[in-house]
Protein chains: 2
Amino acid sequence: MIGQVGKRVTAADVARSLGISRATVGFVLNNTPGQTISERTRQRVLAEAERLGYRPHRAAQDLRRGSSKVILMVIPDWRMEYRLRWHLEEAALAVDEAGYSLAIYARQIAGRARPLWELLAPDVVLGLWPFDDEEVASMRACGVTRIHPDPEHPGSLDDASIITAGPALQVDHLHGLGHRRLAFAASADPRTSPLQEARVRAAERAAAQLGLDPLDVRTVDYLGDSATDAVRRWHAADVTGVVAYNDEVAATVVGAAIRAGLAVPGDLAVIGHDDTPLAAMFLPSISSVDFDAVSVGRHFAALALHTIDGRPLPSEDFEGNARVVARESTVGGR
Amino acid sequence: MIGQVGKRVTAADVARSLGISRATVGFVLNNTPGQTISERTRQRVLAEAERLGYRPHRAAQDLRRGSSKVILMVIPDWRMEYRLRWHLEEAALAVDEAGYSLAIYARQIAGRARPLWELLAPDVVLGLWPFDDEEVASMRACGVTRIHPDPEHPGSLDDASIITAGPALQVDHLHGLGHRRLAFAASADPRTSPLQEARVRAAERAAAQLGLDPLDVRTVDYLGDSATDAVRRWHAADVTGVVAYNDEVAATVVGAAIRAGLAVPGDLAVIGHDDTPLAAMFLPSISSVDFDAVSVGRHFAALALHTIDGRPLPSEDFEGNARVVARESTVGGR
DNA sequence: AAGTCTAGCTTGCACGTGCAAGCGACCGGA
DNA sequence: TCCGGTCGCTTGCACGTGCAAGCTAGACTT
């Protein structure tokens with residue numbers, strides 16, 4: 001066995017060591033309002049707690065409080081959720097300020113292990129899109145009362161600017177470069193479907209607004225021939241610009257195009273989404289859409305806090321300061 | 001089950017609803033040994049608990065038990081820890097069987113949010129390599145008594161076959177293709193350094209065993225000119241084979257080589273590590289090293305359980321059934 | 001001198017659980 | 001008839017915390 005089973009220091013130990021009562025210790029350490037504690041006692045308590053290395057027992061706090069002060073954020077198990085990581089770091093900080101903790105959990109689609117909410121018993125579970133009935137039931141059973149998006153009133157991803165801004169920028173970028181027949185390359189990864197569908201619709205709306213033909217949507221997988229097929233069909237149909245669901249899909253399309261003998265961007269221009277390292281690294285490098293991590297993170301935190309205590313819901317107009325990063329896959333120049 | 005929102009169902013509710021005592025309910029639900037409960041009562045309790053949707057309150061259990069039954073596994077915040085995810089899913093299952101839960105936490109190197117162990121109060125914290133003093137102090141302060149690797153006796157990554165098997169395979173693969181002057185492409189990402197250093201040493205040992213010259217180790221970043229520089233130097237020094245720390249680094253090297261006018265694998269053969277989708281997707285596709293998720297996962301679980309209750313430590317000879325996946329970046333054929 | 005007020009504490013309870021100890025009813029043996 | 005033993009359950013406590021309510025000594029008022 002590794003490690004020493006050290007005895008835990010409790011508030012009672014601190015009190016006993018000072019010869020005072022446990023409640024006094026509690027009042028000092030919690031700054032309980034409405035209590036009058038002499039400055040001398042206060043300092044002695046603080047010093048002794050520090051000296052003994054006292055840390056409140058989380059389970060006891062949770063039990064007493066009836067709340068775990070944990071916000072669980074569930075994210076999809078994307079292969080490359082590069083940007084999201086940074087967004088979430090910012091969200092964790094913002095939530096910290098409100099006295100909560102943000103735990104982040106990437107669920108596996110075929111996950112056979114227990115979901116993290118059964119382990120954490122969080123106050124809030126936050127998802128990027130609605131949970132299915134089974135998940136909701138499992139959360140409810142574990143005492144989770146606050147869930148976002150609200151299972152009763154799911155709302156639509158199509159109304160969130162933070163979802164729709166990226167695809168709109170992608171379409172605008174290609175249109176601005178003179179492309180008039182566009183396609184959408186979708187991921188075969190089932191984990192992304194709700195978000196992906198919202199992005200497809202957003203791209204289609206943007207195309208319609210510019211007077212373009214409806215997008216030719218095709219699913220592409222990095223294994224197998226689906227990408228090669230898609231590229232051939234697109235080329236045959238005079239498509240010259242492809243909006244990809246994300247950078248990984250964009251890379252797959254670019255790879256298939258080049259293997260099929262097409263020039264990128266000469267015959268086919270491709271733009272990804274999320275600005276992952278892959279986009280910068282690929283050959284040719286891939287244009288993408290970047291978001292501002294800080295503002296997106298604060299947006300998530302605002303969502304969580306709204307769900308907890310009804311603080312104002314963040315604006316649906318928030319678009320995360322999205323911007324296009326133009327690279328070789330659309331503007332050439334290698 | 002009654003899906004009530006709000007009020008939590010306790011064991012006392014189940015007991016009250018049946019007109020029996022709380023202890024009886026507890027004995028039934030925990031299968032407490034040494035208790036005699038009539039079959040009729042047992043069934044009534046189980047049925048009523050199910051009907052009311054009873055779930056034990058984790059905080060209360062933890063408080064009573066004095067242990068959270070959580071194993072926290074800390075992994076580095078790699079950008080593409082693709083394979084690791086699957087390994088960990090297997091580990092979670094194996095640990096489940098022992099009555100524990102496995103939480104996985106990807107720490108951010110610049111992470112300003114609280115580490116997950118402060119939130120979870122786990123029984124064990126498990127890392128892939130030794131924690132630094134500050135982290136150990138923080139864990140100890142939160143009541144974590146068991147840490148692996150043991151801060152007192154850290155041990156060396158160099159002795160673990162699961163670390164060294166991959167680099168050895170990479171070197172062997174290139175050697176088998178006739179390459180005699182090899183280099184190592186290291187990642188500029190500081191998060192990977194301990195593992196990276198172990199991999200470098202393992203590759204160097206493998207090279208030495210084959211009678212090759214010492215490896216020319218260079219750090220490569222997908223941003224900036226470091227990759228281009230490295231490729232030029234290597235080519236000038238007649239290096240023909242590059243062992244990359246992982247697939248991402250391999251892609252960066254391949255990209256730089258091709259942009260510099262070198263043929264891959266004609267002028268420079270490159271092999272990655274981890275067999276991520278990126279390796280299959282890249283242009284040209286990248287050879288890599290794959291591991292068996294199930295056995296690696298069980299290895300992690302065995303480590304955790306050893307740390308908890310002294311079960312036999314898994315063998316250091318375990319190499320995770322590593323194998324080379326040969327692709328265009330070493331064997332050509334496009 | 002007697003009463004009032006308040007600063008500065010202490011006592012005590014509840015949170016939900018697991019389990020030790022206790023307790024009455026019944027049953028079998030003497 | 002009595003008595004020990006087992007079955008099947010209940011009472012009660014401890015875990016560590018946050019906080020409501022109470023309590024005491026001294027200061028201050030009348």
# chains A, B, ... in the order shown; residues from 1 in each chain; ligands from 1

$ residues_around --residues "DA30 of chain C" --least-positions-apart "5" --cutoff "12 Å" --atoms "only C-alpha atoms (C1' of nucleotides)" --output "PyMOL selection string"
chain D and resi 1-4

$ closest_atom_pairs --of "chain B" --to "chain D" --cutoff "6 Å" --atoms "only C-alpha atoms (C1' of nucleotides)" --output "Markdown table"
| residue | atom | partner | partner_atom | distance |
| --- | --- | --- | --- | --- |
| B:Ile37 | CA | D:DG8 | C1' | 5.9 |
| B:Leu63 | CA | D:DC15 | C1' | 5.3 |
| B:Arg64 | CA | D:DC15 | C1' | 4.7 |

$ select_by_dssp --residues "segment 3-171 of chain A" --states "helix (DSSP H, G or I)" --output "NGL selection string"
:A and (11-18 or 22-30 or 39-52 or 58-65 or 82-96 or 116-120 or 133-141 or 157-159 or 161-171)

$ atom_distance --atom1 "atom CA of Asp216 of chain B" --atom2 "atom CA of Phe184 of chain B"
6.0 Å

$ interface_residues --of "chain C" --to "chain A" --cutoff "12 Å" --atoms "only C-alpha atoms (C1' of nucleotides)" --output "list in words"
DT6, DA7, DG8, DC9, DT10, DT11, DG12, DC13, DA14, DC15, DG16 and DT17 of chain C

$ write_last_selection --atoms "N, CA and C atoms (P, O5', C5', C4', C3', O3' and C1' of nucleotides)" --output "PDB file, in the first residue's frame"
ATOM      1  P    DT C   6     -28.715  46.362  22.816  1.00  0.00           P
ATOM      2  O5'  DT C   6     -27.302  45.661  22.707  1.00  0.00           O
ATOM      3  C5'  DT C   6     -26.154  46.301  23.277  1.00  0.00           C
ATOM      4  C4'  DT C   6     -25.073  45.285  23.490  1.00  0.00           C
ATOM      5  C3'  DT C   6     -24.957  44.236  22.359  1.00  0.00           C
ATOM      6  O3'  DT C   6     -23.594  44.005  22.105  1.00  0.00           O
ATOM      7  C1'  DT C   6     -25.023  43.170  24.404  1.00  0.00           C
ATOM      8  P    DA C   7     -22.966  44.204  20.657  1.00  0.00           P
ATOM      9  O5'  DA C   7     -21.421  43.894  20.926  1.00  0.00           O
ATOM     10  C5'  DA C   7     -20.792  44.492  22.042  1.00  0.00           C
ATOM     11  C4'  DA C   7     -19.916  43.479  22.759  1.00  0.00           C
ATOM     12  C3'  DA C   7     -19.118  42.570  21.838  1.00  0.00           C
ATOM     13  O3'  DA C   7     -17.837  42.395  22.442  1.00  0.00           O
ATOM     14  C1'  DA C   7     -20.490  41.255  23.228  1.00  0.00           C
ATOM     15  P    DG C   8     -16.720  41.519  21.701  1.00  0.00           P
ATOM     16  O5'  DG C   8     -17.066  40.083  22.247  1.00  0.00           O
ATOM     17  C5'  DG C   8     -16.588  39.669  23.512  1.00  0.00           C
ATOM     18  C4'  DG C   8     -16.956  38.230  23.709  1.00  0.00           C
ATOM     19  C3'  DG C   8     -16.459  37.296  22.593  1.00  0.00           C
ATOM     20  O3'  DG C   8     -15.816  36.187  23.185  1.00  0.00           O
ATOM     21  C1'  DG C   8     -18.707  36.899  23.034  1.00  0.00           C
ATOM     22  P    DC C   9     -14.806  35.322  22.251  1.00  0.00           P
ATOM     23  O5'  DC C   9     -15.773  34.185  21.693  1.00  0.00           O
ATOM     24  C5'  DC C   9     -15.715  32.882  22.221  1.00  0.00           C
ATOM     25  C4'  DC C   9     -16.818  32.649  23.262  1.00  0.00           C
ATOM     26  C3'  DC C   9     -17.404  31.252  23.191  1.00  0.00           C
ATOM     27  O3'  DC C   9     -16.604  30.373  23.968  1.00  0.00           O
ATOM     28  C1'  DC C   9     -19.117  32.890  23.520  1.00  0.00           C
ATOM     29  P    DT C  10     -16.562  28.849  23.564  1.00  0.00           P
ATOM     30  O5'  DT C  10     -17.977  28.316  24.062  1.00  0.00           O
ATOM     31  C5'  DT C  10     -18.345  28.421  25.436  1.00  0.00           C
ATOM     32  C4'  DT C  10     -19.695  27.758  25.643  1.00  0.00           C
ATOM     33  C3'  DT C  10     -19.756  26.301  25.164  1.00  0.00           C
ATOM     34  O3'  DT C  10     -20.429  25.528  26.132  1.00  0.00           O
ATOM     35  C1'  DT C  10     -21.430  27.574  24.058  1.00  0.00           C
ATOM     36  P    DT C  11     -20.399  23.915  25.992  1.00  0.00           P
ATOM     37  O5'  DT C  11     -21.939  23.553  25.896  1.00  0.00           O
ATOM     38  C5'  DT C  11     -22.926  24.483  26.332  1.00  0.00           C
ATOM     39  C4'  DT C  11     -24.294  24.115  25.758  1.00  0.00           C
ATOM     40  C3'  DT C  11     -24.482  22.659  25.348  1.00  0.00           C
ATOM     41  O3'  DT C  11     -25.781  22.248  25.717  1.00  0.00           O
ATOM     42  C1'  DT C  11     -24.933  24.041  23.504  1.00  0.00           C
ATOM     43  P    DG C  12     -26.313  20.797  25.434  1.00  0.00           P
ATOM     44  O5'  DG C  12     -26.937  20.993  23.979  1.00  0.00           O
ATOM     45  C5'  DG C  12     -28.036  21.872  23.808  1.00  0.00           C
ATOM     46  C4'  DG C  12     -28.575  21.707  22.410  1.00  0.00           C
ATOM     47  C3'  DG C  12     -28.655  20.249  21.944  1.00  0.00           C
ATOM     48  O3'  DG C  12     -29.806  20.134  21.124  1.00  0.00           O
ATOM     49  C1'  DG C  12     -27.359  21.456  20.439  1.00  0.00           C
ATOM     50  P    DC C  13     -30.529  18.702  21.003  1.00  0.00           P
ATOM     51  O5'  DC C  13     -31.169  18.794  19.550  1.00  0.00           O
ATOM     52  C5'  DC C  13     -31.704  20.030  19.085  1.00  0.00           C
ATOM     53  C4'  DC C  13     -31.416  20.198  17.614  1.00  0.00           C
ATOM     54  C3'  DC C  13     -31.573  18.905  16.802  1.00  0.00           C
ATOM     55  O3'  DC C  13     -32.420  19.163  15.721  1.00  0.00           O
ATOM     56  C1'  DC C  13     -29.543  19.982  16.268  1.00  0.00           C
ATOM     57  P    DA C  14     -33.332  17.945  15.199  1.00  0.00           P
ATOM     58  O5'  DA C  14     -33.179  18.142  13.635  1.00  0.00           O
ATOM     59  C5'  DA C  14     -33.061  19.447  13.049  1.00  0.00           C
ATOM     60  C4'  DA C  14     -32.216  19.322  11.806  1.00  0.00           C
ATOM     61  C3'  DA C  14     -32.370  17.981  11.089  1.00  0.00           C
ATOM     62  O3'  DA C  14     -32.751  18.207   9.747  1.00  0.00           O
ATOM     63  C1'  DA C  14     -30.067  18.471  11.472  1.00  0.00           C
ATOM     64  P    DC C  15     -33.340  16.997   8.905  1.00  0.00           P
ATOM     65  O5'  DC C  15     -32.203  16.782   7.824  1.00  0.00           O
ATOM     66  C5'  DC C  15     -31.648  17.863   7.079  1.00  0.00           C
ATOM     67  C4'  DC C  15     -30.341  17.434   6.518  1.00  0.00           C
ATOM     68  C3'  DC C  15     -30.305  15.958   6.129  1.00  0.00           C
ATOM     69  O3'  DC C  15     -30.714  15.830   4.766  1.00  0.00           O
ATOM     70  C1'  DC C  15     -28.271  16.681   7.189  1.00  0.00           C
ATOM     71  P    DG C  16     -31.877  14.742   4.422  1.00  0.00           P
ATOM     72  O5'  DG C  16     -31.021  13.400   4.296  1.00  0.00           O
ATOM     73  C5'  DG C  16     -30.099  13.274   3.229  1.00  0.00           C
ATOM     74  C4'  DG C  16     -29.280  12.034   3.449  1.00  0.00           C
ATOM     75  C3'  DG C  16     -30.094  10.748   3.547  1.00  0.00           C
ATOM     76  O3'  DG C  16     -29.527   9.826   2.639  1.00  0.00           O
ATOM     77  C1'  DG C  16     -28.611  10.929   5.389  1.00  0.00           C
ATOM     78  P    DT C  17     -29.996   8.321   2.530  1.00  0.00           P
ATOM     79  O5'  DT C  17     -28.798   7.588   3.254  1.00  0.00           O
ATOM     80  C5'  DT C  17     -27.497   7.696   2.690  1.00  0.00           C
ATOM     81  C4'  DT C  17     -26.473   7.205   3.672  1.00  0.00           C
ATOM     82  C3'  DT C  17     -26.603   5.733   4.029  1.00  0.00           C
ATOM     83  O3'  DT C  17     -25.686   5.022   3.203  1.00  0.00           O
ATOM     84  C1'  DT C  17     -26.066   7.105   5.932  1.00  0.00           C
TER      85       DT C  17
END

$ interface_residues --of "chain B" --to "chain A" --cutoff "7 Å" --atoms "only C-alpha atoms" --output "VMD selection string"
chain B and resid 5 to 6 8 53 55 59 to 60 62 to 63 79 to 80 82 89 92 to 93 113 141 to 143 145 to 147 150 222 252 255 281 to 283 306 to 310

$ atom_distance --atom1 "atom CA of Asp247 of chain B" --atom2 "atom CA of Gln170 of chain B"
11.9 Å

$ atom_distance --atom1 "atom CA of Asp172 of chain A" --atom2 "atom CA of Val220 of chain A"
22.3 Å

$ residues_around --residues "Phe291 of chain B" --least-positions-apart "6" --cutoff "6 Å" --atoms "only C-alpha atoms (C1' of nucleotides)" --output "PyMOL selection string"
chain B and resi 320-322

$ write_last_selection --atoms "N, CA, C and O atoms" --output "PDB file, in the first residue's frame"
ATOM      1  N   GLY B 320       1.473  -3.204 -23.503  1.00  0.00           N
ATOM      2  CA  GLY B 320       0.242  -2.703 -24.119  1.00  0.00           C
ATOM      3  C   GLY B 320      -0.005  -3.199 -25.529  1.00  0.00           C
ATOM      4  O   GLY B 320      -0.769  -2.599 -26.272  1.00  0.00           O
ATOM      5  N   ASN B 321       0.617  -4.331 -25.916  1.00  0.00           N
ATOM      6  CA  ASN B 321       0.403  -4.890 -27.253  1.00  0.00           C
ATOM      7  C   ASN B 321       0.605  -3.846 -28.339  1.00  0.00           C
ATOM      8  O   ASN B 321      -0.225  -3.688 -29.242  1.00  0.00           O
ATOM      9  N   ALA B 322       1.681  -3.119 -28.245  1.00  0.00           N
ATOM     10  CA  ALA B 322       1.965  -2.081 -29.233  1.00  0.00           C
ATOM     11  C   ALA B 322       2.322  -2.711 -30.573  1.00  0.00           C
ATOM     12  O   ALA B 322       2.909  -3.790 -30.620  1.00  0.00           O
TER      13      ALA B 322
END

$ residues_around --residues "Asp317 of chain A" --least-positions-apart "5" --cutoff "12 Å" --atoms "only C-alpha atoms (C1' of nucleotides)" --output "MDAnalysis selection string"
chainID A and resid 158:165 299

$ write_last_selection --atoms "C-alpha atoms" --output "mmCIF file, in the first residue's frame"
data_model
loop_
_atom_site.group_PDB
_atom_site.id
_atom_site.type_symbol
_atom_site.label_atom_id
_atom_site.label_comp_id
_atom_site.auth_asym_id
_atom_site.auth_seq_id
_atom_site.Cartn_x
_atom_site.Cartn_y
_atom_site.Cartn_z
ATOM 1 C CA ASP A 158 -30.789 27.522 -34.443
ATOM 2 C CA ASP A 159 -31.537 30.643 -32.455
ATOM 3 C CA ALA A 160 -28.154 30.854 -30.751
ATOM 4 C CA SER A 161 -25.831 33.231 -32.510
ATOM 5 C CA ILE A 162 -22.847 31.461 -31.048
ATOM 6 C CA ILE A 163 -23.821 28.405 -33.065
ATOM 7 C CA THR A 164 -24.850 30.136 -36.242
ATOM 8 C CA ALA A 165 -22.139 32.792 -36.511
ATOM 9 C CA HIS A 299 -20.962 33.003 -21.861
#

$ decode --residues "chain C" --atoms "C-alpha atoms (C1' of nucleotides)" --output "PDB file, in the first residue's frame"
ATOM      1  C1'  DA C   1     -29.648  48.404  43.879  1.00  0.00           C
ATOM      2  C1'  DA C   2     -32.086  46.431  40.379  1.00  0.00           C
ATOM      3  C1'  DG C   3     -32.920  45.906  35.776  1.00  0.00           C
ATOM      4  C1'  DT C   4     -31.517  45.980  30.657  1.00  0.00           C
ATOM      5  C1'  DC C   5     -28.532  45.274  27.089  1.00  0.00           C
ATOM      6  C1'  DT C   6     -25.023  43.170  24.404  1.00  0.00           C
ATOM      7  C1'  DA C   7     -20.490  41.255  23.228  1.00  0.00           C
ATOM      8  C1'  DG C   8     -18.707  36.899  23.034  1.00  0.00           C
ATOM      9  C1'  DC C   9     -19.117  32.890  23.520  1.00  0.00           C
ATOM     10  C1'  DT C  10     -21.430  27.574  24.058  1.00  0.00           C
ATOM     11  C1'  DT C  11     -24.933  24.041  23.504  1.00  0.00           C
ATOM     12  C1'  DG C  12     -27.359  21.456  20.439  1.00  0.00           C
ATOM     13  C1'  DC C  13     -29.543  19.982  16.268  1.00  0.00           C
ATOM     14  C1'  DA C  14     -30.067  18.471  11.472  1.00  0.00           C
ATOM     15  C1'  DC C  15     -28.271  16.681   7.189  1.00  0.00           C
ATOM     16  C1'  DG C  16     -28.611  10.929   5.389  1.00  0.00           C
ATOM     17  C1'  DT C  17     -26.066   7.105   5.932  1.00  0.00           C
ATOM     18  C1'  DG C  18     -24.053   2.366   7.780  1.00  0.00           C
ATOM     19  C1'  DC C  19     -23.926  -0.501  11.289  1.00  0.00           C
ATOM     20  C1'  DA C  20     -23.487  -1.996  16.464  1.00  0.00           C
ATOM     21  C1'  DA C  21     -26.298  -3.218  19.982  1.00  0.00           C
ATOM     22  C1'  DG C  22     -30.672  -4.321  21.829  1.00  0.00           C
ATOM     23  C1'  DC C  23     -35.255  -6.346  22.106  1.00  0.00           C
ATOM     24  C1'  DG C  24     -39.477  -9.043  21.722  1.00  0.00           C
ATOM     25  C1'  DA C  25     -41.567 -13.143  19.755  1.00  0.00           C
ATOM     26  C1'  DC C  26     -41.355 -17.631  18.737  1.00  0.00           C
ATOM     27  C1'  DC C  27     -39.386 -22.395  18.844  1.00  0.00           C
ATOM     28  C1'  DG C  28     -37.267 -26.490  20.473  1.00  0.00           C
ATOM     29  C1'  DG C  29     -35.312 -29.082  24.245  1.00  0.00           C
ATOM     30  C1'  DA C  30     -35.341 -30.501  29.136  1.00  0.00           C
TER      31       DA C  30
END
